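K.L.:
For reference, this is start.cif, and it has mmCIF, C-alpha atoms.
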```cif
data_data
#
loop_
_atom_site.label_atom_id
_atom_site.label_comp_id
_atom_site.auth_asym_id
_atom_site.auth_seq_id
_atom_site.Cartn_x
_atom_site.Cartn_y
_atom_site.Cartn_z
CA MET B 20 95.15 123.00 101.27
CA THR B 21 97.83 125.41 102.43
CA MET B 22 101.34 124.05 102.05
CA GLN B 23 102.65 122.51 105.27
CA PHE B 24 106.27 122.36 106.41
CA GLY B 25 108.28 119.91 108.45
CA VAL B 26 111.84 119.98 109.78
CA MET B 27 114.46 117.24 109.85
CA LEU B 28 116.05 117.60 113.27
CA PRO B 29 119.81 117.57 113.87
CA GLN B 30 120.33 113.97 114.94
CA GLY B 31 123.98 113.36 114.18
CA TRP B 32 123.56 111.16 111.11
CA ARG B 33 124.64 113.97 108.79
CA MET B 34 127.47 115.09 111.11
CA ASP B 35 125.26 117.94 112.33
CA LEU B 36 126.01 117.40 116.05
CA ARG B 37 129.79 117.13 115.73
CA ALA B 38 130.26 120.42 117.59
CA PHE B 39 129.06 118.77 120.82
CA SER B 40 131.38 116.44 122.70
CA ASP B 41 128.84 115.89 125.49
CA PRO B 42 126.03 113.58 124.24
CA THR B 43 123.56 115.09 126.71
CA GLN B 44 124.22 118.53 125.29
CA ALA B 45 123.84 117.09 121.79
CA TYR B 46 120.40 115.67 122.66
CA GLU B 47 119.31 118.91 124.29
CA THR B 48 120.34 120.74 121.12
CA MET B 49 118.23 118.38 119.04
CA THR B 50 115.17 118.87 121.22
CA ALA B 51 115.76 122.64 121.35
CA VAL B 52 115.46 122.74 117.56
CA ALA B 53 112.22 120.75 117.80
CA LEU B 54 110.81 123.20 120.32
CA GLU B 55 111.87 126.19 118.22
CA ALA B 56 110.29 124.66 115.11
CA GLU B 57 107.08 124.12 117.07
CA ALA B 58 107.10 127.72 118.34
CA LEU B 59 107.74 129.06 114.83
CA GLY B 60 104.69 127.29 113.41
CA PHE B 61 106.21 124.34 111.57
CA ASP B 62 103.77 121.48 111.23
CA SER B 63 106.04 118.50 111.89
CA VAL B 64 109.49 117.34 113.01
CA TRP B 65 111.25 114.23 111.73
CA LEU B 66 114.18 111.92 112.40
CA TYR B 67 116.20 109.66 110.11
CA ASP B 68 116.36 105.95 110.92
CA HIS B 69 120.12 105.38 110.78
CA PHE B 70 122.76 104.20 113.23
CA HIS B 71 125.99 105.99 112.40
CA THR B 72 127.17 108.95 110.37
CA VAL B 73 127.37 109.55 106.63
CA PRO B 74 129.10 109.92 104.25
CA ILE B 75 131.72 108.07 106.32
CA PRO B 76 130.96 106.08 109.49
CA SER B 77 132.56 107.85 112.43
CA GLN B 78 132.55 108.04 116.21
CA GLU B 79 130.32 111.14 116.18
CA VAL B 80 127.00 111.06 118.05
CA THR B 81 124.06 109.62 116.10
CA PHE B 82 120.84 109.22 118.10
CA GLU B 83 118.63 106.19 117.47
CA CYS B 84 115.37 107.15 115.80
CA TRP B 85 112.55 105.55 117.78
CA THR B 86 113.86 105.99 121.31
CA SER B 87 114.62 109.62 120.50
CA LEU B 88 111.17 110.03 119.01
CA ALA B 89 109.53 108.83 122.22
CA ALA B 90 111.41 111.52 124.14
CA LEU B 91 110.53 114.18 121.57
CA ALA B 92 106.89 113.15 121.89
CA ARG B 93 107.01 114.42 125.47
CA ASP B 94 109.27 117.40 124.83
CA THR B 95 106.85 118.83 122.25
CA ARG B 96 103.14 119.57 122.47
CA ARG B 97 101.72 120.45 119.03
CA VAL B 98 103.90 119.39 116.09
CA ARG B 99 103.45 116.04 114.44
CA ILE B 100 106.41 113.66 114.73
CA GLY B 101 107.66 111.07 112.29
CA GLN B 102 110.53 109.17 110.71
CA MET B 103 112.03 109.76 107.28
CA VAL B 104 111.76 106.78 107.06
CA THR B 105 111.87 103.70 109.28
CA CYS B 106 113.93 100.92 107.69
CA ASN B 107 111.66 97.90 107.54
CA SER B 108 114.57 95.48 107.92
CA TYR B 109 115.66 96.78 111.32
CA ARG B 110 112.57 95.75 113.34
CA HIS B 111 109.95 93.04 112.95
CA PRO B 112 106.81 94.80 111.66
CA ALA B 113 104.61 93.53 114.50
CA LEU B 114 107.06 95.01 117.01
CA LEU B 115 107.23 98.21 114.98
CA ALA B 116 103.43 98.46 115.02
CA LYS B 117 103.47 98.07 118.81
CA MET B 118 106.21 100.71 119.18
CA ALA B 119 104.27 103.12 116.97
CA SER B 120 101.05 102.58 118.93
CA THR B 121 102.87 103.35 122.16
CA VAL B 122 104.49 106.51 120.79
CA ASP B 123 101.15 107.68 119.40
CA VAL B 124 99.68 107.49 122.89
CA ILE B 125 102.75 109.18 124.43
CA SER B 126 102.37 112.04 121.92
CA HIS B 127 98.57 112.26 122.39
CA GLY B 128 97.99 111.27 118.76
CA ARG B 129 100.69 113.13 116.81
CA LEU B 130 102.63 110.28 115.17
CA THR B 131 103.09 109.46 111.50
CA LEU B 132 104.74 106.10 110.83
CA GLY B 133 107.06 106.45 107.88
CA ILE B 134 108.48 103.23 106.44
CA GLY B 135 110.62 102.15 103.51
CA ALA B 136 112.40 99.09 102.16
CA GLY B 137 115.87 100.18 103.34
CA TRP B 138 118.96 100.93 101.26
CA HIS B 139 122.12 101.53 103.32
CA GLU B 140 124.10 98.33 102.70
CA GLN B 141 127.13 99.34 104.77
CA GLU B 142 124.93 100.02 107.79
CA TYR B 143 123.04 96.73 107.38
CA ARG B 144 126.26 94.76 107.37
CA ALA B 145 127.88 96.74 110.20
CA TYR B 146 124.94 95.90 112.47
CA GLY B 147 124.67 92.28 111.36
CA TYR B 148 121.53 92.48 109.25
CA GLU B 149 121.13 90.43 106.09
CA TYR B 150 121.13 92.73 103.04
CA PRO B 151 118.97 91.05 100.40
CA GLU B 152 118.58 92.30 96.85
CA ALA B 153 116.09 95.13 96.27
CA PRO B 154 113.24 92.92 94.95
CA LYS B 155 113.29 90.85 98.14
CA ARG B 156 113.43 93.95 100.35
CA LEU B 157 110.39 95.30 98.52
CA ARG B 158 108.51 92.02 98.93
CA GLN B 159 109.31 92.17 102.63
CA LEU B 160 108.00 95.73 102.75
CA ARG B 161 104.75 94.65 101.10
CA GLU B 162 104.18 92.03 103.77
CA ALA B 163 105.31 94.35 106.55
CA VAL B 164 102.72 97.03 105.86
CA GLN B 165 100.01 94.38 105.89
CA VAL B 166 101.26 93.13 109.26
CA ILE B 167 101.33 96.66 110.66
CA LEU B 168 97.82 97.47 109.47
CA ALA B 169 96.48 94.17 110.80
CA THR B 170 98.07 94.81 114.19
CA TRP B 171 96.55 98.29 114.30
CA THR B 172 93.03 97.24 113.31
CA GLN B 173 92.41 93.69 114.57
CA ASP B 174 91.88 92.63 118.18
CA GLU B 175 94.00 89.55 117.52
CA ALA B 176 96.03 89.97 114.36
CA PHE B 177 96.88 87.12 112.02
CA PHE B 178 99.11 87.15 108.96
CA GLN B 179 100.81 84.30 107.13
CA GLY B 180 103.38 85.45 104.61
CA GLN B 181 106.63 84.26 103.13
CA TYR B 182 108.71 86.51 105.40
CA TYR B 183 106.47 87.41 108.34
CA GLN B 184 103.90 85.49 110.35
CA ILE B 185 101.81 86.61 113.30
CA ARG B 186 99.36 84.38 115.09
CA GLY B 187 96.90 86.20 117.30
CA ALA B 188 99.09 89.23 118.07
CA ILE B 189 97.39 91.52 120.60
CA ASN B 190 98.31 95.20 120.43
CA GLN B 191 96.84 97.36 123.16
CA PRO B 192 96.68 100.29 123.17
CA LYS B 193 96.41 100.66 119.41
CA GLY B 194 97.16 104.37 119.45
CA ILE B 195 94.99 107.46 119.58
CA GLN B 196 94.35 108.34 115.94
CA GLN B 197 91.41 106.88 114.03
CA PRO B 198 90.94 104.74 112.06
CA HIS B 199 94.66 104.18 112.76
CA ILE B 200 98.03 105.95 112.85
CA PRO B 201 98.79 107.48 109.43
CA LEU B 202 101.13 105.26 107.40
CA LEU B 203 103.62 106.96 105.08
CA ILE B 204 105.54 104.85 102.57
CA GLY B 205 108.74 106.50 101.38
CA GLY B 206 110.26 106.02 97.94
CA SER B 207 109.13 106.47 94.38
CA GLY B 208 109.82 103.23 92.53
CA GLU B 209 107.18 103.08 89.83
CA GLN B 210 106.67 99.33 89.58
CA VAL B 211 106.41 98.39 93.26
CA THR B 212 106.71 101.20 95.81
CA LEU B 213 104.11 103.53 94.32
CA LYS B 214 101.75 100.58 93.92
CA LEU B 215 102.15 99.92 97.63
CA VAL B 216 101.40 103.58 98.33
CA ALA B 217 98.23 103.42 96.25
CA ARG B 218 97.02 100.28 97.98
CA TYR B 219 98.06 100.78 101.60
CA ALA B 220 99.47 104.20 102.50
CA ASP B 221 97.94 107.36 103.89
CA ALA B 222 100.90 109.43 102.65
CA CYS B 223 103.81 109.24 100.24
CA ASN B 224 107.23 110.87 100.28
CA MET B 225 109.36 111.74 97.29
CA SER B 226 112.55 113.63 96.51
CA GLY B 227 114.26 115.06 93.46
CA ASP B 228 113.67 117.96 91.12
CA ILE B 229 110.22 119.28 90.25
CA ALA B 230 110.00 117.46 86.91
CA LYS B 231 110.76 114.12 88.58
CA ILE B 232 108.22 114.72 91.32
CA LYS B 233 105.51 115.65 88.80
CA HIS B 234 106.19 112.45 86.87
CA LYS B 235 106.12 110.26 89.98
CA LEU B 236 102.83 111.78 91.13
CA THR B 237 101.34 111.07 87.72
CA VAL B 238 102.40 107.43 88.08
CA LEU B 239 100.92 107.31 91.59
CA LYS B 240 97.63 108.69 90.31
CA ARG B 241 97.51 106.00 87.65
CA HIS B 242 98.11 103.28 90.25
CA CYS B 243 95.32 104.74 92.37
CA GLU B 244 92.92 104.55 89.43
CA GLN B 245 93.86 100.93 88.85
CA VAL B 246 93.13 99.87 92.44
CA GLY B 247 90.09 102.11 92.90
CA ARG B 248 91.78 104.44 95.40
CA ASP B 249 90.99 108.14 95.70
CA TYR B 250 94.29 109.83 94.80
CA GLU B 251 93.32 112.87 96.87
CA SER B 252 93.10 110.72 100.00
CA ILE B 253 96.90 110.26 99.93
CA LYS B 254 98.91 113.08 101.49
CA ARG B 255 101.75 114.03 99.14
CA THR B 256 104.99 115.00 100.86
CA ALA B 257 108.50 115.64 99.59
CA LEU B 258 111.89 115.68 101.29
CA VAL B 259 114.18 118.61 100.51
CA ASP B 260 117.51 117.43 101.85
CA THR B 261 119.15 120.87 101.62
CA CYS B 262 117.37 124.10 102.55
CA ALA B 263 119.69 127.08 102.99
CA VAL B 264 118.17 130.54 103.24
CA ALA B 265 119.85 133.86 104.06
CA ALA B 266 119.65 137.55 103.23
CA THR B 267 121.90 136.97 100.19
CA GLU B 268 122.45 133.96 97.95
CA GLU B 269 126.14 133.99 98.82
CA ALA B 270 125.37 133.76 102.53
CA ALA B 271 122.99 130.87 101.87
CA ILE B 272 125.64 128.98 99.91
CA ALA B 273 128.09 129.55 102.76
CA GLN B 274 125.83 127.42 105.01
CA LEU B 275 126.58 124.36 102.89
CA ALA B 276 129.37 121.86 103.45
CA PRO B 277 132.44 122.44 101.25
CA PHE B 278 131.69 119.47 98.98
CA GLN B 279 128.15 120.80 98.47
CA GLN B 280 129.48 124.21 97.53
CA GLU B 281 131.61 122.55 94.86
CA GLN B 282 128.53 120.82 93.42
CA ILE B 283 126.18 123.77 93.70
CA GLU B 284 124.72 123.59 90.19
CA MET B 285 123.92 119.91 90.60
CA LEU B 286 122.43 120.56 94.02
CA ARG B 287 120.28 123.55 93.09
CA PRO B 288 117.40 121.82 91.17
CA ARG B 289 116.51 119.56 94.12
CA SER B 290 117.21 122.02 96.92
CA LEU B 291 115.90 125.26 98.34
CA LEU B 292 118.79 127.67 98.19
CA GLY B 293 119.00 131.46 98.27
CA THR B 294 117.13 134.49 99.55
CA PRO B 295 113.57 134.35 100.90
CA GLU B 296 112.23 135.63 97.58
CA MET B 297 114.11 132.91 95.69
CA ILE B 298 112.84 130.28 98.12
CA LYS B 299 109.21 131.42 97.83
CA ALA B 300 109.33 131.10 94.04
CA ARG B 301 110.54 127.52 94.41
CA LEU B 302 107.88 126.71 97.00
CA ALA B 303 105.22 127.75 94.51
CA GLU B 304 106.63 125.21 92.05
CA TYR B 305 106.34 122.40 94.58
CA GLU B 306 102.79 123.39 95.42
CA GLN B 307 101.85 123.57 91.74
CA ALA B 308 103.32 120.09 91.25
CA GLY B 309 100.89 118.77 93.88
CA ILE B 310 103.07 118.52 96.99
CA GLN B 311 101.16 119.27 100.19
CA GLU B 312 103.98 119.15 102.75
CA LEU B 313 107.69 119.84 102.36
CA ILE B 314 110.06 118.29 104.89
CA LEU B 315 113.23 120.37 105.07
CA TYR B 316 116.78 119.73 106.21
CA PHE B 317 118.63 122.89 107.20
CA PRO B 318 122.42 122.33 107.06
CA ASP B 319 123.08 124.86 109.82
CA THR B 320 120.00 124.03 111.85
CA THR B 321 121.67 123.86 115.28
CA LYS B 322 122.19 127.62 115.05
CA GLN B 323 118.48 128.05 114.13
CA ASP B 324 119.02 131.29 112.15
CA ALA B 325 117.94 129.84 108.80
CA LEU B 326 115.06 128.03 110.50
CA ARG B 327 113.75 131.32 111.89
CA LEU B 328 114.26 133.22 108.64
CA PHE B 329 112.39 130.55 106.66
CA ALA B 330 109.50 130.62 109.13
CA LEU B 331 109.23 134.41 109.16
CA GLU B 332 109.76 135.11 105.47
CA CYS B 333 108.81 131.98 103.51
CA MET B 334 106.04 130.08 105.27
CA HIS B 335 102.40 130.87 104.51
CA GLN B 336 103.22 133.81 102.26
#
```
In structure tokens, what does this structure look like?

P.N.:
Amino acid sequence: MTMQFGVMLPQGWRMDLRAFSDPTQAYETMTAVALEAEALGFDSVWLYDHFHTVPIPSQEVTFECWTSLAALARDTRRVRIGQMVTCNSYRHPALLAKMASTVDVISHGRLTLGIGAGWHEQEYRAYGYEYPEAPKRLRQLREAVQVILATWTQDEAFFQGQYYQIRGAINQPKGIQQPHIPLLIGGSGEQVTLKLVARYADACNMSGDIAKIKHKLTVLKRHCEQVGRDYESIKRTALVDTCAVAATEEAAIAQLAPFQQEQIEMLRPRSLLGTPEMIKARLAEYEQAGIQELILYFPDTTKQDALRLFALECMHQ
């Protein structure tokens, strides 16, 4: 298939809306980027599921993921919408399944539900959530995806687990897409997460340099073989958390935050950075590795210049 491209929208989490003191203007900027991405031919737009800014919590605007997504579902018309990724710990999975079904209807069938085990300890504790050790969070994720799938596919859903129980949960409407809303599991842990992808997910999401991604996809393929799953039935996506493109490499680097500019050589292997020709060479590497959709974060996205240049010079070349 032809490589697809998604855009992480400016949401505030990465301090990308700090130029706007008016929260209404900040939201309108976020949705304007979504509309521009749609007009430029991007395939999807995405939000993070976080509550306040990084790397340091601050008073800057950070829009909540799912309520914003419902609004974006009506602001847009064609692009798919999703989360990179929903933290399982923040919402009971039966409620999350209901929320997703509603948003899928609102969007006329354009939702992908992305979910992961969660990782941001400071945020958990700030909002009063228990922060268990990683093995427990992963066990909770395993149960959660079963609850979600049951709620999407059964008239009255039942599940009895160690962490979650539902007893005749009715979820109507179930969403538009058939057989159900696509489920993306984020993360690349080889012993648990990729096994969950092989067993339950419609899509995976990975990050890192090309060599790491190739290795993780090899592990995923092996897990698919073990459970009798068709590896090709899983959509393979990757998050590129820095995509800076400009007419010159120097101008692209100038789009980065100062601390990123200081760490440029460390950043380069897992980023898209440089001129359109440099970017296109890197895109070919991702496609050769087996990635089918790249989800991109543009550091200067509120200005939209790099977004437009990428669309015009790098996509579908």

K.L.:
Return as a list in words the set of residues that the PyMOL selection byres ((chain B and resi 188) around 7) yields on the displayed structure.

P.N.:
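What the PyMOL selection byres ((chain B and resi 188) around 7) grabs from the file is Thr170, Glu175, Ala176, Phe177, Ile185, Arg186, Gly187, Ile189 and Asn190 of chain B.
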
K.L.:
Take the PyMOL selection byres ((chain B and resi 60) around 9), run it mentally on this structure, and tell me the resulting residues as a PDB file with C-alpha atoms, keeping the file's coordinate frame.

P.N.:
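Just written: part-v1.pdb:
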```
ATOM      1  CA  PHE B  24     106.270 122.360 106.410  1.00  0.00           C
ATOM      2  CA  GLU B  55     111.870 126.190 118.220  1.00  0.00           C
ATOM      3  CA  ALA B  56     110.290 124.660 115.110  1.00  0.00           C
ATOM      4  CA  GLU B  57     107.080 124.120 117.070  1.00  0.00           C
ATOM      5  CA  ALA B  58     107.100 127.720 118.340  1.00  0.00           C
ATOM      6  CA  LEU B  59     107.740 129.060 114.830  1.00  0.00           C
ATOM      7  CA  PHE B  61     106.210 124.340 111.570  1.00  0.00           C
ATOM      8  CA  ASP B  62     103.770 121.480 111.230  1.00  0.00           C
ATOM      9  CA  VAL B  98     103.900 119.390 116.090  1.00  0.00           C
ATOM     10  CA  ALA B 330     109.500 130.620 109.130  1.00  0.00           C
ATOM     11  CA  MET B 334     106.040 130.080 105.270  1.00  0.00           C
TER      12      MET B 334
END
```

K.L.:
Do you know which residues the PyMOL selection byres ((chain B and resi 127-133) around 9) returns on this file, as a PyMOL selection string?

P.N.:
chain B and resi 92+96-106+116+119-120+122-126+134-135+194-196+200-205+222-224

K.L.:
With distances taken over all atoms listed in the file, which residue among B:Gln210, B:Thr48, B:Gln141, B:Thr172 lies nearest Phe70 (chain B)?

P.N.:
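Going through B:Gln210, B:Thr48, B:Gln141, B:Thr172 one by one, the smallest distance to Phe70 (chain B) is for B:Gln141.
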
K.L.:
Mind pulling up the distance from CA of Thr81 (chain B) to CA of Thr43 (chain B)?

P.N.:
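We find that CA of Thr43 (chain B) and CA of Thr81 (chain B) lie 11.9 Å from each other.
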
K.L.:
Nearest residue to Arg248 (chain B) out of B:Leu286, B:Ile314, B:Ala303, B:Ala220, using only C-alpha atoms?

P.N.:
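With only C-alpha atoms as the atom set, the closest residue is B:Ala220.
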
K.L.:
Using CA of Leu213 (chain B) and CA of Ser290 (chain B) as the two end points, give the distance in Å to one decimal.

P.N.:
22.8 Å

K.L.:
Using only C-alpha atoms, which residue out of B:Asp35, B:Gln181, B:Ile310, B:Ala145 lies closest to Leu275 (chain B)?

P.N.:
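Nearest candidate to Leu275 (chain B) out of B:Asp35, B:Gln181, B:Ile310, B:Ala145: B:Asp35.
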
K.L.:
Which value, in Å to one decimal, gives the distance between CA of Ala308 (chain B) and CA of Lys240 (chain B)?

P.N.:
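Pair CA of Ala308 (chain B) / CA of Lys240 (chain B) returns 12.8 Å.
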
K.L.:
Assuming 5 Å of padding per side, give the centre and edge lengths of the axis-aligned box around every listed atom of region 131-140 of chain B, in Å to one decimal and as lines of an AutoDock Vina configuration file.

P.N.:
```
center_x = 113.6
center_y = 103.9
center_z = 106.4
size_x = 31.0
size_y = 21.1
size_z = 20.2
```

K.L.:
Identify the residues around (127.0, 108.5, 104.3) within a radius of 10 Å, measuring from all atoms listed in the file in the coordinates stated by the file, and give them as a PyMOL selection string.

P.N.:
chain B and resi 32-34+69+71-77+139+141-142

K.L.:
Show which residues sit within 9 Å of Thr121 (chain B), as a ChimeraX atom specification. Count all atoms listed in the file, and ignore same-chain residues fewer than 6 positions away.

P.N.:
/B:89,191-194

K.L.:
I'd like to know which of B:Arg301, B:Arg289, B:His335, B:Arg255 is closest to Ser226 (chain B), using all atoms listed in the file.

P.N.:
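With all atoms listed in the file as the atom set, the closest residue is B:Arg289.
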
K.L.:
Can you work out which one of B:Gly247, B:Leu91, B:Gln165, B:Pro29 has the shortest atom-to-atom distance to Leu54 (chain B), counting only C-alpha atoms?

P.N.:
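Closest candidate: B:Leu91.
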
K.L.:
Please reconstruct the missing atoms of region 295-318 of chain B (target: N, CA and C atoms) and return them as a PDB file, in the frame of the given file.

P.N.:
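Generated output (out_30.pdb):
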```
ATOM      1  N   PRO B 295     114.981 134.689 100.721  1.00  0.00           N
ATOM      2  CA  PRO B 295     113.570 134.350 100.900  1.00  0.00           C
ATOM      3  C   PRO B 295     112.748 134.468  99.621  1.00  0.00           C
ATOM      4  N   GLU B 296     112.991 135.481  98.827  1.00  0.00           N
ATOM      5  CA  GLU B 296     112.230 135.630  97.580  1.00  0.00           C
ATOM      6  C   GLU B 296     112.503 134.487  96.627  1.00  0.00           C
ATOM      7  N   MET B 297     113.762 134.052  96.531  1.00  0.00           N
ATOM      8  CA  MET B 297     114.110 132.910  95.690  1.00  0.00           C
ATOM      9  C   MET B 297     113.450 131.644  96.201  1.00  0.00           C
ATOM     10  N   ILE B 298     113.444 131.469  97.519  1.00  0.00           N
ATOM     11  CA  ILE B 298     112.840 130.280  98.120  1.00  0.00           C
ATOM     12  C   ILE B 298     111.340 130.249  97.857  1.00  0.00           C
ATOM     13  N   LYS B 299     110.670 131.381  98.014  1.00  0.00           N
ATOM     14  CA  LYS B 299     109.210 131.420  97.830  1.00  0.00           C
ATOM     15  C   LYS B 299     108.821 131.057  96.400  1.00  0.00           C
ATOM     16  N   ALA B 300     109.617 131.470  95.436  1.00  0.00           N
ATOM     17  CA  ALA B 300     109.330 131.100  94.040  1.00  0.00           C
ATOM     18  C   ALA B 300     109.421 129.587  93.859  1.00  0.00           C
ATOM     19  N   ARG B 301     110.394 128.972  94.506  1.00  0.00           N
ATOM     20  CA  ARG B 301     110.540 127.520  94.410  1.00  0.00           C
ATOM     21  C   ARG B 301     109.413 126.794  95.151  1.00  0.00           C
ATOM     22  N   LEU B 302     108.984 127.335  96.272  1.00  0.00           N
ATOM     23  CA  LEU B 302     107.880 126.710  97.000  1.00  0.00           C
ATOM     24  C   LEU B 302     106.624 126.674  96.147  1.00  0.00           C
ATOM     25  N   ALA B 303     106.397 127.719  95.390  1.00  0.00           N
ATOM     26  CA  ALA B 303     105.220 127.750  94.510  1.00  0.00           C
ATOM     27  C   ALA B 303     105.290 126.636  93.474  1.00  0.00           C
ATOM     28  N   GLU B 304     106.479 126.299  93.023  1.00  0.00           N
ATOM     29  CA  GLU B 304     106.630 125.210  92.050  1.00  0.00           C
ATOM     30  C   GLU B 304     106.265 123.865  92.666  1.00  0.00           C
ATOM     31  N   TYR B 305     106.708 123.650  93.902  1.00  0.00           N
ATOM     32  CA  TYR B 305     106.340 122.400  94.580  1.00  0.00           C
ATOM     33  C   TYR B 305     104.837 122.301  94.776  1.00  0.00           C
ATOM     34  N   GLU B 306     104.228 123.405  95.180  1.00  0.00           N
ATOM     35  CA  GLU B 306     102.790 123.390  95.420  1.00  0.00           C
ATOM     36  C   GLU B 306     102.029 123.156  94.115  1.00  0.00           C
ATOM     37  N   GLN B 307     102.481 123.770  93.042  1.00  0.00           N
ATOM     38  CA  GLN B 307     101.850 123.570  91.740  1.00  0.00           C
ATOM     39  C   GLN B 307     101.995 122.127  91.275  1.00  0.00           C
ATOM     40  N   ALA B 308     103.101 121.492  91.619  1.00  0.00           N
ATOM     41  CA  ALA B 308     103.320 120.090  91.250  1.00  0.00           C
ATOM     42  C   ALA B 308     102.388 119.150  91.996  1.00  0.00           C
ATOM     43  N   GLY B 309     101.820 119.598  93.122  1.00  0.00           N
ATOM     44  CA  GLY B 309     100.890 118.770  93.880  1.00  0.00           C
ATOM     45  C   GLY B 309     101.385 118.351  95.248  1.00  0.00           C
ATOM     46  N   ILE B 310     102.551 118.860  95.657  1.00  0.00           N
ATOM     47  CA  ILE B 310     103.070 118.520  96.990  1.00  0.00           C
ATOM     48  C   ILE B 310     102.321 119.323  98.045  1.00  0.00           C
ATOM     49  N   GLN B 311     101.938 118.646  99.122  1.00  0.00           N
ATOM     50  CA  GLN B 311     101.160 119.270 100.190  1.00  0.00           C
ATOM     51  C   GLN B 311     101.983 119.571 101.444  1.00  0.00           C
ATOM     52  N   GLU B 312     103.086 118.856 101.629  1.00  0.00           N
ATOM     53  CA  GLU B 312     103.980 119.150 102.750  1.00  0.00           C
ATOM     54  C   GLU B 312     105.419 118.945 102.310  1.00  0.00           C
ATOM     55  N   LEU B 313     106.260 119.927 102.606  1.00  0.00           N
ATOM     56  CA  LEU B 313     107.690 119.840 102.360  1.00  0.00           C
ATOM     57  C   LEU B 313     108.401 119.597 103.681  1.00  0.00           C
ATOM     58  N   ILE B 314     109.271 118.610 103.704  1.00  0.00           N
ATOM     59  CA  ILE B 314     110.060 118.290 104.890  1.00  0.00           C
ATOM     60  C   ILE B 314     111.492 118.728 104.588  1.00  0.00           C
ATOM     61  N   LEU B 315     112.015 119.633 105.404  1.00  0.00           N
ATOM     62  CA  LEU B 315     113.230 120.370 105.070  1.00  0.00           C
ATOM     63  C   LEU B 315     114.374 120.017 106.008  1.00  0.00           C
ATOM     64  N   TYR B 316     115.562 119.876 105.417  1.00  0.00           N
ATOM     65  CA  TYR B 316     116.780 119.730 106.210  1.00  0.00           C
ATOM     66  C   TYR B 316     117.594 121.008 106.060  1.00  0.00           C
ATOM     67  N   PHE B 317     117.834 121.677 107.183  1.00  0.00           N
ATOM     68  CA  PHE B 317     118.630 122.890 107.200  1.00  0.00           C
ATOM     69  C   PHE B 317     120.069 122.533 107.611  1.00  0.00           C
ATOM     70  N   PRO B 318     121.057 122.752 106.737  1.00  0.00           N
ATOM     71  CA  PRO B 318     122.420 122.330 107.060  1.00  0.00           C
ATOM     72  C   PRO B 318     122.959 122.939 108.346  1.00  0.00           C
TER      73      PRO B 318
END
```
